[in-house]
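Single-structure report; data block below.
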Amino acid sequence: MSYIGYYEDCCNSDTPSFATNKYNIIEKNSDFVAEKFNFYSVTTLNNSVEVSLPTDVQNGDWVGFIDRLGTFANNYLVIKYNNTATIKNNSGDLIVDVNGVNFKLVYNNGNWFIFDMSFWFFNITVAPYI
């Protein structure tokens, strides 16, 4: 079973029960307005995608992004600056131009910070075990 999220009472019983609030993963391939507490699996194969961040946010709110096909370097993911909260202490758009990057933006005191960034790559060669 594939599961993204966390276990409720993971260490208090022999068989953990699943939490009811699993991550939402929403597929997008055109411009959109993000909603907090969602991951967006974004495809930029044919065009760049612009994202507007939510404005009704509190400290700790987050939005996640996944480079679904590993194409952000060809057609960028653009996180739009909305004049209410900086992105990485910058009053401008965040241009994501790295293939295979996945990350969360977490809001805190008027700023969106990058958390939990990871990468996946194409063309990984593994030598056979001899």
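By convention in this document, the chains of the structure tokens carry letters A, B, ... by their order, each chain's residues are numbered from 1, and ligands are numbered from 1 in the order they are shown.
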
Long-range neighbours of Phe72 (chain A) as a compact mmCIF listing (two decimals) with N, CA and C atoms, in the first residue's frame, 12 Å cut-off, only C-alpha atoms, 5 positions minimum in chain:
```
# COMPACT_ATOMS: atom_id res chain seq x y z
N ASN A 29 -1.47 21.52 -14.93
CA ASN A 29 -0.61 21.76 -16.10
C ASN A 29 -0.85 23.14 -16.70
N SER A 41 1.11 18.46 -8.04
CA SER A 41 1.96 17.73 -8.98
C SER A 41 1.84 18.45 -10.31
N VAL A 42 2.88 19.25 -10.65
CA VAL A 42 2.79 20.18 -11.76
C VAL A 42 3.54 19.64 -12.97
N THR A 43 2.89 19.70 -14.12
CA THR A 43 3.49 19.31 -15.39
C THR A 43 3.77 20.57 -16.20
N THR A 44 5.05 20.77 -16.57
CA THR A 44 5.42 21.92 -17.40
C THR A 44 6.01 21.44 -18.72
N LEU A 45 5.55 20.32 -19.21
CA LEU A 45 6.08 19.74 -20.45
C LEU A 45 5.88 20.67 -21.64
N ASN A 46 4.71 21.29 -21.76
CA ASN A 46 4.38 22.10 -22.93
C ASN A 46 4.42 23.60 -22.68
N ASN A 47 4.43 24.02 -21.43
CA ASN A 47 4.37 25.44 -21.11
C ASN A 47 4.79 25.68 -19.67
N SER A 48 5.23 26.91 -19.38
CA SER A 48 5.47 27.30 -17.99
C SER A 48 4.15 27.40 -17.26
N VAL A 49 4.19 27.24 -15.95
CA VAL A 49 2.99 27.33 -15.13
C VAL A 49 3.22 28.37 -14.05
N GLU A 50 2.28 29.30 -13.91
CA GLU A 50 2.34 30.32 -12.87
C GLU A 50 1.37 29.97 -11.75
N PHE A 65 4.89 21.48 -3.82
CA PHE A 65 5.00 21.37 -5.27
C PHE A 65 5.87 20.18 -5.66
N ILE A 66 5.45 19.47 -6.70
CA ILE A 66 6.15 18.29 -7.21
C ILE A 66 6.36 18.49 -8.70
N ASP A 67 7.61 18.31 -9.18
CA ASP A 67 7.88 18.36 -10.62
C ASP A 67 7.53 16.99 -11.19
N LEU A 77 8.38 26.61 -13.42
CA LEU A 77 7.30 26.82 -12.47
C LEU A 77 7.56 28.20 -11.87
N VAL A 78 6.58 29.09 -11.94
CA VAL A 78 6.74 30.46 -11.45
C VAL A 78 5.78 30.66 -10.28
N ILE A 95 11.30 31.75 -9.35
CA ILE A 95 11.40 30.97 -10.57
C ILE A 95 12.03 29.62 -10.21
N VAL A 96 11.31 28.55 -10.47
CA VAL A 96 11.81 27.20 -10.19
C VAL A 96 12.25 26.61 -11.53
N ASP A 97 13.57 26.44 -11.68
CA ASP A 97 14.13 26.01 -12.96
C ASP A 97 15.07 24.82 -12.81
N VAL A 98 14.76 23.94 -11.88
CA VAL A 98 15.56 22.75 -11.62
C VAL A 98 14.68 21.53 -11.85
N ASN A 99 15.10 20.65 -12.72
CA ASN A 99 14.33 19.43 -12.98
C ASN A 99 14.28 18.53 -11.76
N GLY A 100 13.12 17.94 -11.53
CA GLY A 100 12.97 16.92 -10.50
C GLY A 100 12.90 17.44 -9.08
N VAL A 101 12.68 18.72 -8.88
CA VAL A 101 12.64 19.26 -7.53
C VAL A 101 11.22 19.15 -6.95
N ASN A 102 11.17 18.85 -5.66
CA ASN A 102 9.92 18.78 -4.91
C ASN A 102 10.15 19.57 -3.63
N PHE A 119 15.12 16.12 -4.55
CA PHE A 119 15.30 16.02 -5.99
C PHE A 119 15.19 14.57 -6.41
```

Name all residues at most 10 Å from Glu35 (chain A) (count only C-alpha atoms; drop same-chain ones fewer than 4 positions away) and give them as a VMD selection string.
chain A and resid 39 to 40 52 to 57 61 to 64

According to DSSP computed on the backbone, where in region 22-104 of chain A is there strand (DSSP E)? Give the residues as a count of residues only.
35

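What separates CA of Tyr107 (chain A) from CA of Ile87 (chain A) is a distance of 9.0 Å.
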
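Separating CA of Asn89 (chain A) from CA of Trp112 (chain A) is a distance of 7.7 Å.
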
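Between CA of Ile114 (chain A) and CA of Asn74 (chain A) the separation is 21.4 Å.
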